[in-house]
file query31.txt (compact mmCIF, N, CA and C atoms)
# COMPACT_ATOMS: atom_id res chain seq x y z
N MET G 53 28.99 51.60 -47.60
CA MET G 53 29.38 51.01 -46.34
C MET G 53 28.53 51.56 -45.19
N ILE G 54 28.38 52.89 -45.14
CA ILE G 54 27.57 53.49 -44.08
C ILE G 54 26.13 53.02 -44.19
N CYS G 55 25.62 52.95 -45.42
CA CYS G 55 24.25 52.48 -45.63
C CYS G 55 24.12 51.04 -45.17
N ALA G 56 25.12 50.21 -45.44
CA ALA G 56 25.07 48.81 -45.02
C ALA G 56 25.04 48.71 -43.51
N ILE G 57 25.83 49.53 -42.84
CA ILE G 57 25.82 49.53 -41.38
C ILE G 57 24.49 50.05 -40.86
N SER G 58 24.00 51.13 -41.46
CA SER G 58 22.71 51.69 -41.05
C SER G 58 21.58 50.70 -41.28
N PHE G 59 21.67 49.95 -42.37
CA PHE G 59 20.62 48.99 -42.68
C PHE G 59 20.48 47.97 -41.57
N THR G 60 21.59 47.48 -41.05
CA THR G 60 21.52 46.48 -39.99
C THR G 60 20.99 47.09 -38.70
N LEU G 61 21.12 48.39 -38.55
CA LEU G 61 20.65 49.05 -37.34
C LEU G 61 19.26 49.66 -37.48
N GLY G 62 18.67 49.58 -38.65
CA GLY G 62 17.33 50.14 -38.80
C GLY G 62 16.98 50.46 -40.23
N GLY G 63 17.81 50.07 -41.15
CA GLY G 63 17.51 50.27 -42.55
C GLY G 63 17.95 51.63 -43.04
N CYS G 64 18.03 51.75 -44.34
CA CYS G 64 18.38 53.02 -44.98
C CYS G 64 17.10 53.79 -45.22
N MET G 65 16.55 54.34 -44.15
CA MET G 65 15.26 54.99 -44.23
C MET G 65 15.33 56.31 -43.47
N SER G 66 14.70 57.32 -44.02
CA SER G 66 14.71 58.63 -43.37
C SER G 66 13.89 58.59 -42.09
N ASN G 67 14.20 59.53 -41.20
CA ASN G 67 13.42 59.64 -39.97
C ASN G 67 11.96 59.94 -40.27
N GLU G 68 11.73 60.72 -41.33
CA GLU G 68 10.35 61.05 -41.72
C GLU G 68 9.57 59.78 -42.08
N LYS G 69 10.18 58.89 -42.86
CA LYS G 69 9.50 57.66 -43.24
C LYS G 69 9.29 56.75 -42.03
N LYS G 70 10.27 56.70 -41.13
CA LYS G 70 10.11 55.90 -39.91
C LYS G 70 8.94 56.41 -39.08
N GLU G 71 8.81 57.74 -38.99
CA GLU G 71 7.70 58.33 -38.24
C GLU G 71 6.36 58.03 -38.91
N ILE G 72 6.32 58.10 -40.23
CA ILE G 72 5.10 57.77 -40.98
C ILE G 72 4.69 56.33 -40.68
N ILE G 73 5.64 55.41 -40.75
CA ILE G 73 5.34 53.99 -40.51
C ILE G 73 4.83 53.80 -39.09
N GLN G 74 5.49 54.42 -38.12
CA GLN G 74 5.07 54.28 -36.73
C GLN G 74 3.64 54.78 -36.53
N LYS G 75 3.33 55.96 -37.07
CA LYS G 75 1.97 56.51 -36.92
C LYS G 75 0.94 55.67 -37.67
N ALA G 76 1.32 55.15 -38.84
CA ALA G 76 0.41 54.28 -39.60
C ALA G 76 0.14 52.99 -38.83
N GLN G 77 1.16 52.46 -38.16
CA GLN G 77 0.97 51.25 -37.36
C GLN G 77 0.02 51.51 -36.20
N VAL G 78 0.17 52.63 -35.53
CA VAL G 78 -0.72 52.98 -34.41
C VAL G 78 -2.16 53.10 -34.90
N ALA G 79 -2.36 53.80 -36.02
CA ALA G 79 -3.71 53.95 -36.58
C ALA G 79 -4.29 52.59 -36.98
N SER G 80 -3.46 51.73 -37.56
CA SER G 80 -3.92 50.41 -37.99
C SER G 80 -4.24 49.51 -36.81
N GLN G 81 -3.41 49.57 -35.77
CA GLN G 81 -3.68 48.76 -34.58
C GLN G 81 -5.02 49.16 -33.97
N ALA G 82 -5.29 50.46 -33.90
CA ALA G 82 -6.58 50.93 -33.38
C ALA G 82 -7.73 50.46 -34.27
N TYR G 83 -7.54 50.52 -35.58
CA TYR G 83 -8.55 50.08 -36.54
C TYR G 83 -8.91 48.61 -36.31
N PHE G 84 -7.91 47.74 -36.25
CA PHE G 84 -8.18 46.31 -36.08
C PHE G 84 -8.78 46.01 -34.71
N LYS G 85 -8.37 46.72 -33.68
CA LYS G 85 -8.91 46.52 -32.33
C LYS G 85 -10.38 46.94 -32.29
N GLU G 86 -10.68 48.11 -32.86
CA GLU G 86 -12.05 48.63 -32.83
C GLU G 86 -12.99 47.85 -33.73
N LYS G 87 -12.53 47.49 -34.93
CA LYS G 87 -13.41 46.84 -35.90
C LYS G 87 -13.54 45.33 -35.68
N TYR G 88 -12.44 44.69 -35.27
CA TYR G 88 -12.43 43.22 -35.16
C TYR G 88 -12.12 42.70 -33.76
N GLY G 89 -11.69 43.56 -32.86
CA GLY G 89 -11.34 43.13 -31.51
C GLY G 89 -10.07 42.31 -31.45
N ILE G 90 -9.15 42.54 -32.39
CA ILE G 90 -7.91 41.77 -32.43
C ILE G 90 -6.69 42.68 -32.27
N ASP G 91 -5.62 42.09 -31.74
CA ASP G 91 -4.32 42.75 -31.68
C ASP G 91 -3.48 42.21 -32.81
N VAL G 92 -2.67 43.07 -33.41
CA VAL G 92 -1.89 42.67 -34.58
C VAL G 92 -0.42 43.05 -34.42
N GLU G 93 0.42 42.36 -35.17
CA GLU G 93 1.85 42.66 -35.28
C GLU G 93 2.13 42.94 -36.74
N PHE G 94 2.96 43.94 -37.02
CA PHE G 94 3.31 44.27 -38.39
C PHE G 94 4.69 43.73 -38.73
N THR G 95 4.82 43.20 -39.94
CA THR G 95 6.09 42.61 -40.37
C THR G 95 6.70 43.31 -41.57
N ASP G 96 5.91 44.07 -42.31
CA ASP G 96 6.43 44.72 -43.50
C ASP G 96 5.60 45.94 -43.85
N HIS G 97 6.16 46.79 -44.67
CA HIS G 97 5.47 47.98 -45.16
C HIS G 97 5.93 48.27 -46.57
N LYS G 98 5.12 49.06 -47.28
CA LYS G 98 5.49 49.47 -48.63
C LYS G 98 4.83 50.82 -48.91
N PHE G 99 5.63 51.77 -49.35
CA PHE G 99 5.10 53.07 -49.72
C PHE G 99 4.63 53.03 -51.17
N ILE G 100 3.40 53.48 -51.39
CA ILE G 100 2.88 53.63 -52.75
C ILE G 100 3.59 54.87 -53.32
N PRO G 101 3.98 54.86 -54.60
CA PRO G 101 4.66 56.04 -55.15
C PRO G 101 3.87 57.33 -54.86
N ALA G 102 4.56 58.34 -54.35
CA ALA G 102 3.92 59.58 -53.90
C ALA G 102 3.17 60.31 -55.01
N ASP G 103 3.57 60.10 -56.26
CA ASP G 103 2.85 60.77 -57.34
C ASP G 103 1.50 60.12 -57.62
N LEU G 104 1.29 58.92 -57.07
CA LEU G 104 0.00 58.23 -57.21
C LEU G 104 -0.89 58.43 -56.00
N SER G 105 -0.28 58.34 -54.81
CA SER G 105 -1.07 58.37 -53.59
C SER G 105 -0.13 58.56 -52.40
N HIS G 106 -0.59 59.21 -51.36
CA HIS G 106 0.18 59.33 -50.12
C HIS G 106 -0.28 58.22 -49.18
N THR G 107 0.04 57.00 -49.56
CA THR G 107 -0.43 55.81 -48.85
C THR G 107 0.72 54.88 -48.55
N VAL G 108 0.65 54.26 -47.38
CA VAL G 108 1.59 53.21 -47.03
C VAL G 108 0.77 51.96 -46.73
N SER G 109 1.23 50.82 -47.24
CA SER G 109 0.56 49.55 -46.93
C SER G 109 1.36 48.84 -45.86
N LEU G 110 0.65 48.20 -44.95
CA LEU G 110 1.27 47.44 -43.87
C LEU G 110 0.76 46.01 -43.92
N THR G 111 1.65 45.06 -43.74
CA THR G 111 1.25 43.66 -43.65
C THR G 111 1.76 43.10 -42.34
N GLY G 112 1.08 42.06 -41.89
CA GLY G 112 1.46 41.43 -40.64
C GLY G 112 0.54 40.27 -40.34
N TYR G 113 0.30 40.06 -39.04
CA TYR G 113 -0.51 38.92 -38.62
C TYR G 113 -1.20 39.23 -37.30
N VAL G 114 -2.19 38.41 -36.99
CA VAL G 114 -2.89 38.51 -35.72
C VAL G 114 -1.94 38.01 -34.63
N LYS G 115 -1.80 38.80 -33.56
CA LYS G 115 -0.90 38.42 -32.47
C LYS G 115 -1.24 37.03 -31.98
N GLY G 116 -0.21 36.20 -31.85
CA GLY G 116 -0.40 34.85 -31.36
C GLY G 116 -0.69 33.83 -32.44
N ASN G 117 -0.86 34.29 -33.70
CA ASN G 117 -1.14 33.35 -34.79
C ASN G 117 -0.58 33.90 -36.11
N LYS G 118 0.64 33.54 -36.41
CA LYS G 118 1.30 34.05 -37.61
C LYS G 118 0.65 33.56 -38.90
N ASP G 119 -0.21 32.56 -38.82
CA ASP G 119 -0.91 32.07 -40.01
C ASP G 119 -2.09 32.97 -40.40
N GLN G 120 -2.54 33.82 -39.48
CA GLN G 120 -3.66 34.72 -39.76
C GLN G 120 -3.10 36.07 -40.21
N GLU G 121 -2.91 36.22 -41.52
CA GLU G 121 -2.29 37.42 -42.07
C GLU G 121 -3.30 38.57 -42.18
N ILE G 122 -2.79 39.77 -41.95
CA ILE G 122 -3.60 40.99 -42.06
C ILE G 122 -2.92 41.97 -43.01
N PHE G 123 -3.70 42.94 -43.48
CA PHE G 123 -3.20 43.94 -44.42
C PHE G 123 -3.98 45.23 -44.19
N THR G 124 -3.31 46.35 -44.31
CA THR G 124 -4.00 47.63 -44.22
C THR G 124 -3.30 48.66 -45.11
N MET G 125 -4.08 49.65 -45.55
CA MET G 125 -3.53 50.79 -46.29
C MET G 125 -3.93 52.06 -45.56
N VAL G 126 -2.94 52.92 -45.31
CA VAL G 126 -3.16 54.12 -44.51
C VAL G 126 -2.72 55.35 -45.30
N ASP G 127 -3.59 56.35 -45.33
CA ASP G 127 -3.25 57.65 -45.92
C ASP G 127 -2.33 58.36 -44.92
N TYR G 128 -1.10 58.65 -45.31
CA TYR G 128 -0.18 59.23 -44.35
C TYR G 128 -0.24 60.75 -44.26
N ASP G 129 -1.21 61.37 -44.93
CA ASP G 129 -1.48 62.79 -44.69
C ASP G 129 -2.44 62.93 -43.51
N THR G 130 -3.39 61.99 -43.40
CA THR G 130 -4.42 62.05 -42.36
C THR G 130 -4.33 60.91 -41.35
N TYR G 131 -3.55 59.88 -41.67
CA TYR G 131 -3.45 58.64 -40.88
C TYR G 131 -4.80 57.96 -40.72
N GLU G 132 -5.61 58.08 -41.77
CA GLU G 132 -6.88 57.38 -41.85
C GLU G 132 -6.64 56.04 -42.54
N VAL G 133 -7.18 54.97 -41.95
CA VAL G 133 -7.09 53.65 -42.58
C VAL G 133 -8.07 53.63 -43.74
N LYS G 134 -7.56 53.45 -44.94
CA LYS G 134 -8.39 53.43 -46.15
C LYS G 134 -9.03 52.07 -46.37
N THR G 135 -8.29 51.02 -46.04
CA THR G 135 -8.82 49.66 -46.17
C THR G 135 -8.03 48.75 -45.26
N GLY G 136 -8.70 47.69 -44.83
CA GLY G 136 -8.06 46.68 -44.00
C GLY G 136 -8.59 45.32 -44.38
N SER G 137 -7.75 44.31 -44.22
CA SER G 137 -8.13 42.96 -44.60
C SER G 137 -7.69 41.98 -43.51
N VAL G 138 -8.58 41.05 -43.20
CA VAL G 138 -8.31 39.99 -42.23
C VAL G 138 -8.76 38.67 -42.83
N PRO G 139 -8.34 37.54 -42.26
CA PRO G 139 -8.83 36.25 -42.75
C PRO G 139 -10.36 36.16 -42.63
N ASP G 140 -10.96 35.37 -43.50
CA ASP G 140 -12.42 35.23 -43.54
C ASP G 140 -13.02 34.78 -42.21
N GLU G 141 -12.27 33.99 -41.44
CA GLU G 141 -12.84 33.48 -40.18
C GLU G 141 -12.93 34.55 -39.09
N ILE G 142 -12.30 35.68 -39.29
CA ILE G 142 -12.39 36.78 -38.32
C ILE G 142 -13.51 37.71 -38.77
N LYS G 143 -14.51 37.83 -37.93
CA LYS G 143 -15.69 38.63 -38.27
C LYS G 143 -15.66 39.98 -37.54
N PRO G 144 -16.23 41.02 -38.16
CA PRO G 144 -16.29 42.33 -37.50
C PRO G 144 -17.12 42.25 -36.21
N LEU G 145 -16.77 43.10 -35.26
CA LEU G 145 -17.56 43.18 -34.03
C LEU G 145 -18.93 43.76 -34.37
N GLN G 146 -19.92 43.37 -33.63
CA GLN G 146 -21.29 43.86 -33.85
C GLN G 146 -21.51 45.16 -33.13
call {"tool": "encode", "arguments": {"input": "query31.txt", "output": "structure tokens"}}
result
Amino acid sequence: MICAISFTLGGCMSNEKKEIIQKAQVASQAYFKEKYGIDVEFTDHKFIPADLSHTVSLTGYVKGNKDQEIFTMVDYDTYEVKTGSVPDEIKPLQ
């Protein structure tokens, strides 16, 4: 019951995981802005099992166009973006 109530208010997630997601989103937003000149919104996340990698994946879209989906993977020990993906029509800045 408490978990169900907590879920509607922010999910059954530890404060540590919430902080990881927030920092990963900030790192990813900077990555997409610097590399592609775009602003993004995140809609979902997924933690890779910790015994395999300390990585969180984030999915979302380019702000203003929900059809342009983006993806990134962030190492949550260093908050370094390991990989990022954008639609083919979005080209890296020169």
call {"tool": "select_by_dssp", "arguments": {"input": "query31.txt", "residues": "chain G", "states": "alpha helix (DSSP H)", "output": "VMD selection string"}}
result
chain G and resid 54 to 62 67 to 88
call {"tool": "write_last_selection", "arguments": {"input": "query31.txt", "atoms": "N, CA and C atoms", "output": "PDB file, in the coordinates of the input"}}
result
ATOM      1  N   ILE G  54      28.380  52.890 -45.140  1.00  0.00           N
ATOM      2  CA  ILE G  54      27.570  53.490 -44.080  1.00  0.00           C
ATOM      3  C   ILE G  54      26.130  53.020 -44.190  1.00  0.00           C
ATOM      4  N   CYS G  55      25.620  52.950 -45.420  1.00  0.00           N
ATOM      5  CA  CYS G  55      24.250  52.480 -45.630  1.00  0.00           C
ATOM      6  C   CYS G  55      24.120  51.040 -45.170  1.00  0.00           C
ATOM      7  N   ALA G  56      25.120  50.210 -45.440  1.00  0.00           N
ATOM      8  CA  ALA G  56      25.070  48.810 -45.020  1.00  0.00           C
ATOM      9  C   ALA G  56      25.040  48.710 -43.510  1.00  0.00           C
ATOM     10  N   ILE G  57      25.830  49.530 -42.840  1.00  0.00           N
ATOM     11  CA  ILE G  57      25.820  49.530 -41.380  1.00  0.00           C
ATOM     12  C   ILE G  57      24.490  50.050 -40.860  1.00  0.00           C
ATOM     13  N   SER G  58      24.000  51.130 -41.460  1.00  0.00           N
ATOM     14  CA  SER G  58      22.710  51.690 -41.050  1.00  0.00           C
ATOM     15  C   SER G  58      21.580  50.700 -41.280  1.00  0.00           C
ATOM     16  N   PHE G  59      21.670  49.950 -42.370  1.00  0.00           N
ATOM     17  CA  PHE G  59      20.620  48.990 -42.680  1.00  0.00           C
ATOM     18  C   PHE G  59      20.480  47.970 -41.570  1.00  0.00           C
ATOM     19  N   THR G  60      21.590  47.480 -41.050  1.00  0.00           N
ATOM     20  CA  THR G  60      21.520  46.480 -39.990  1.00  0.00           C
ATOM     21  C   THR G  60      20.990  47.090 -38.700  1.00  0.00           C
ATOM     22  N   LEU G  61      21.120  48.390 -38.550  1.00  0.00           N
ATOM     23  CA  LEU G  61      20.650  49.050 -37.340  1.00  0.00           C
ATOM     24  C   LEU G  61      19.260  49.660 -37.480  1.00  0.00           C
ATOM     25  N   GLY G  62      18.670  49.580 -38.650  1.00  0.00           N
ATOM     26  CA  GLY G  62      17.330  50.140 -38.800  1.00  0.00           C
ATOM     27  C   GLY G  62      16.980  50.460 -40.230  1.00  0.00           C
ATOM     28  N   ASN G  67      14.200  59.530 -41.200  1.00  0.00           N
ATOM     29  CA  ASN G  67      13.420  59.640 -39.970  1.00  0.00           C
ATOM     30  C   ASN G  67      11.960  59.940 -40.270  1.00  0.00           C
ATOM     31  N   GLU G  68      11.730  60.720 -41.330  1.00  0.00           N
ATOM     32  CA  GLU G  68      10.350  61.050 -41.720  1.00  0.00           C
ATOM     33  C   GLU G  68       9.570  59.780 -42.080  1.00  0.00           C
ATOM     34  N   LYS G  69      10.180  58.890 -42.860  1.00  0.00           N
ATOM     35  CA  LYS G  69       9.500  57.660 -43.240  1.00  0.00           C
ATOM     36  C   LYS G  69       9.290  56.750 -42.030  1.00  0.00           C
ATOM     37  N   LYS G  70      10.270  56.700 -41.130  1.00  0.00           N
ATOM     38  CA  LYS G  70      10.110  55.900 -39.910  1.00  0.00           C
ATOM     39  C   LYS G  70       8.940  56.410 -39.080  1.00  0.00           C
ATOM     40  N   GLU G  71       8.810  57.740 -38.990  1.00  0.00           N
ATOM     41  CA  GLU G  71       7.700  58.330 -38.240  1.00  0.00           C
ATOM     42  C   GLU G  71       6.360  58.030 -38.910  1.00  0.00           C
ATOM     43  N   ILE G  72       6.320  58.100 -40.230  1.00  0.00           N
ATOM     44  CA  ILE G  72       5.100  57.770 -40.980  1.00  0.00           C
ATOM     45  C   ILE G  72       4.690  56.330 -40.680  1.00  0.00           C
ATOM     46  N   ILE G  73       5.640  55.410 -40.750  1.00  0.00           N
ATOM     47  CA  ILE G  73       5.340  53.990 -40.510  1.00  0.00           C
ATOM     48  C   ILE G  73       4.830  53.800 -39.090  1.00  0.00           C
ATOM     49  N   GLN G  74       5.490  54.420 -38.120  1.00  0.00           N
ATOM     50  CA  GLN G  74       5.070  54.280 -36.730  1.00  0.00           C
ATOM     51  C   GLN G  74       3.640  54.780 -36.530  1.00  0.00           C
ATOM     52  N   LYS G  75       3.330  55.960 -37.070  1.00  0.00           N
ATOM     53  CA  LYS G  75       1.970  56.510 -36.920  1.00  0.00           C
ATOM     54  C   LYS G  75       0.940  55.670 -37.670  1.00  0.00           C
ATOM     55  N   ALA G  76       1.320  55.150 -38.840  1.00  0.00           N
ATOM     56  CA  ALA G  76       0.410  54.280 -39.600  1.00  0.00           C
ATOM     57  C   ALA G  76       0.140  52.990 -38.830  1.00  0.00           C
ATOM     58  N   GLN G  77       1.160  52.460 -38.160  1.00  0.00           N
ATOM     59  CA  GLN G  77       0.970  51.250 -37.360  1.00  0.00           C
ATOM     60  C   GLN G  77       0.020  51.510 -36.200  1.00  0.00           C
ATOM     61  N   VAL G  78       0.170  52.630 -35.530  1.00  0.00           N
ATOM     62  CA  VAL G  78      -0.720  52.980 -34.410  1.00  0.00           C
ATOM     63  C   VAL G  78      -2.160  53.100 -34.900  1.00  0.00           C
ATOM     64  N   ALA G  79      -2.360  53.800 -36.020  1.00  0.00           N
ATOM     65  CA  ALA G  79      -3.710  53.950 -36.580  1.00  0.00           C
ATOM     66  C   ALA G  79      -4.290  52.590 -36.980  1.00  0.00           C
ATOM     67  N   SER G  80      -3.460  51.730 -37.560  1.00  0.00           N
ATOM     68  CA  SER G  80      -3.920  50.410 -37.990  1.00  0.00           C
ATOM     69  C   SER G  80      -4.240  49.510 -36.810  1.00  0.00           C
ATOM     70  N   GLN G  81      -3.410  49.570 -35.770  1.00  0.00           N
ATOM     71  CA  GLN G  81      -3.680  48.760 -34.580  1.00  0.00           C
ATOM     72  C   GLN G  81      -5.020  49.160 -33.970  1.00  0.00           C
ATOM     73  N   ALA G  82      -5.290  50.460 -33.900  1.00  0.00           N
ATOM     74  CA  ALA G  82      -6.580  50.930 -33.380  1.00  0.00           C
ATOM     75  C   ALA G  82      -7.730  50.460 -34.270  1.00  0.00           C
ATOM     76  N   TYR G  83      -7.540  50.520 -35.580  1.00  0.00           N
ATOM     77  CA  TYR G  83      -8.550  50.080 -36.540  1.00  0.00           C
ATOM     78  C   TYR G  83      -8.910  48.610 -36.310  1.00  0.00           C
ATOM     79  N   PHE G  84      -7.910  47.740 -36.250  1.00  0.00           N
ATOM     80  CA  PHE G  84      -8.180  46.310 -36.080  1.00  0.00           C
ATOM     81  C   PHE G  84      -8.780  46.010 -34.710  1.00  0.00           C
ATOM     82  N   LYS G  85      -8.370  46.720 -33.680  1.00  0.00           N
ATOM     83  CA  LYS G  85      -8.910  46.520 -32.330  1.00  0.00           C
ATOM     84  C   LYS G  85     -10.380  46.940 -32.290  1.00  0.00           C
ATOM     85  N   GLU G  86     -10.680  48.110 -32.860  1.00  0.00           N
ATOM     86  CA  GLU G  86     -12.050  48.630 -32.830  1.00  0.00           C
ATOM     87  C   GLU G  86     -12.990  47.850 -33.730  1.00  0.00           C
ATOM     88  N   LYS G  87     -12.530  47.490 -34.930  1.00  0.00           N
ATOM     89  CA  LYS G  87     -13.410  46.840 -35.900  1.00  0.00           C
ATOM     90  C   LYS G  87     -13.540  45.330 -35.680  1.00  0.00           C
ATOM     91  N   TYR G  88     -12.440  44.690 -35.270  1.00  0.00           N
ATOM     92  CA  TYR G  88     -12.430  43.220 -35.160  1.00  0.00           C
ATOM     93  C   TYR G  88     -12.120  42.700 -33.760  1.00  0.00           C
TER      94      TYR G  88
END
call {"tool": "atom_distance", "arguments": {"input": "query31.txt", "atom1": "CA of Lys118 (chain G)", "atom2": "atom C of Tyr131 (chain G)"}}
result
24.9 Å
call {"tool": "residues_around", "arguments": {"input": "query31.txt", "residues": "Lys98 (chain G)", "least_positions_apart": "6", "cutoff": "7 Å", "atoms": "only C-alpha atoms", "output": "PyMOL selection string"}}
result
chain G and resi 108-110
call {"tool": "atom_distance", "arguments": {"input": "query31.txt", "atom1": "CA of Ser80 (chain G)", "atom2": "CA of Glu93 (chain G)"}}
result
10.0 Å
call {"tool": "residues_near_point", "arguments": {"input": "query31.txt", "point": "(3.8, 50.0, -46.6)", "cutoff": "8 Å", "atoms": "only N, CA and C atoms", "output": "list in words"}}
result
Ile73, Asp96, His97, Lys98, Phe99, Ile100, Thr107, Val108, Ser109, Leu110, Thr111, Thr124, Met125 and Val126 of chain G
call {"tool": "write_last_selection", "arguments": {"input": "query31.txt", "atoms": "N, CA and C atoms", "output": "mmCIF file, in the coordinates of the input"}}
result
data_model
loop_
_atom_site.group_PDB
_atom_site.id
_atom_site.type_symbol
_atom_site.label_atom_id
_atom_site.label_comp_id
_atom_site.auth_asym_id
_atom_site.auth_seq_id
_atom_site.Cartn_x
_atom_site.Cartn_y
_atom_site.Cartn_z
ATOM 1 N N ILE G 73 5.640 55.410 -40.750
ATOM 2 C CA ILE G 73 5.340 53.990 -40.510
ATOM 3 C C ILE G 73 4.830 53.800 -39.090
ATOM 4 N N ASP G 96 5.910 44.070 -42.310
ATOM 5 C CA ASP G 96 6.430 44.720 -43.500
ATOM 6 C C ASP G 96 5.600 45.940 -43.850
ATOM 7 N N HIS G 97 6.160 46.790 -44.670
ATOM 8 C CA HIS G 97 5.470 47.980 -45.160
ATOM 9 C C HIS G 97 5.930 48.270 -46.570
ATOM 10 N N LYS G 98 5.120 49.060 -47.280
ATOM 11 C CA LYS G 98 5.490 49.470 -48.630
ATOM 12 C C LYS G 98 4.830 50.820 -48.910
ATOM 13 N N PHE G 99 5.630 51.770 -49.350
ATOM 14 C CA PHE G 99 5.100 53.070 -49.720
ATOM 15 C C PHE G 99 4.630 53.030 -51.170
ATOM 16 N N ILE G 100 3.400 53.480 -51.390
ATOM 17 C CA ILE G 100 2.880 53.630 -52.750
ATOM 18 C C ILE G 100 3.590 54.870 -53.320
ATOM 19 N N THR G 107 0.040 57.000 -49.560
ATOM 20 C CA THR G 107 -0.430 55.810 -48.850
ATOM 21 C C THR G 107 0.720 54.880 -48.550
ATOM 22 N N VAL G 108 0.650 54.260 -47.380
ATOM 23 C CA VAL G 108 1.590 53.210 -47.030
ATOM 24 C C VAL G 108 0.770 51.960 -46.730
ATOM 25 N N SER G 109 1.230 50.820 -47.240
ATOM 26 C CA SER G 109 0.560 49.550 -46.930
ATOM 27 C C SER G 109 1.360 48.840 -45.860
ATOM 28 N N LEU G 110 0.650 48.200 -44.950
ATOM 29 C CA LEU G 110 1.270 47.440 -43.870
ATOM 30 C C LEU G 110 0.760 46.010 -43.920
ATOM 31 N N THR G 111 1.650 45.060 -43.740
ATOM 32 C CA THR G 111 1.250 43.660 -43.650
ATOM 33 C C THR G 111 1.760 43.100 -42.340
ATOM 34 N N THR G 124 -3.310 46.350 -44.310
ATOM 35 C CA THR G 124 -4.000 47.630 -44.220
ATOM 36 C C THR G 124 -3.300 48.660 -45.110
ATOM 37 N N MET G 125 -4.080 49.650 -45.550
ATOM 38 C CA MET G 125 -3.530 50.790 -46.290
ATOM 39 C C MET G 125 -3.930 52.060 -45.560
ATOM 40 N N VAL G 126 -2.940 52.920 -45.310
ATOM 41 C CA VAL G 126 -3.160 54.120 -44.510
ATOM 42 C C VAL G 126 -2.720 55.350 -45.300
#
call {"tool": "atom_distance", "arguments": {"input": "query31.txt", "atom1": "atom C of Gln120 (chain G)", "atom2": "atom C of Val138 (chain G)"}}
result
6.8 Å
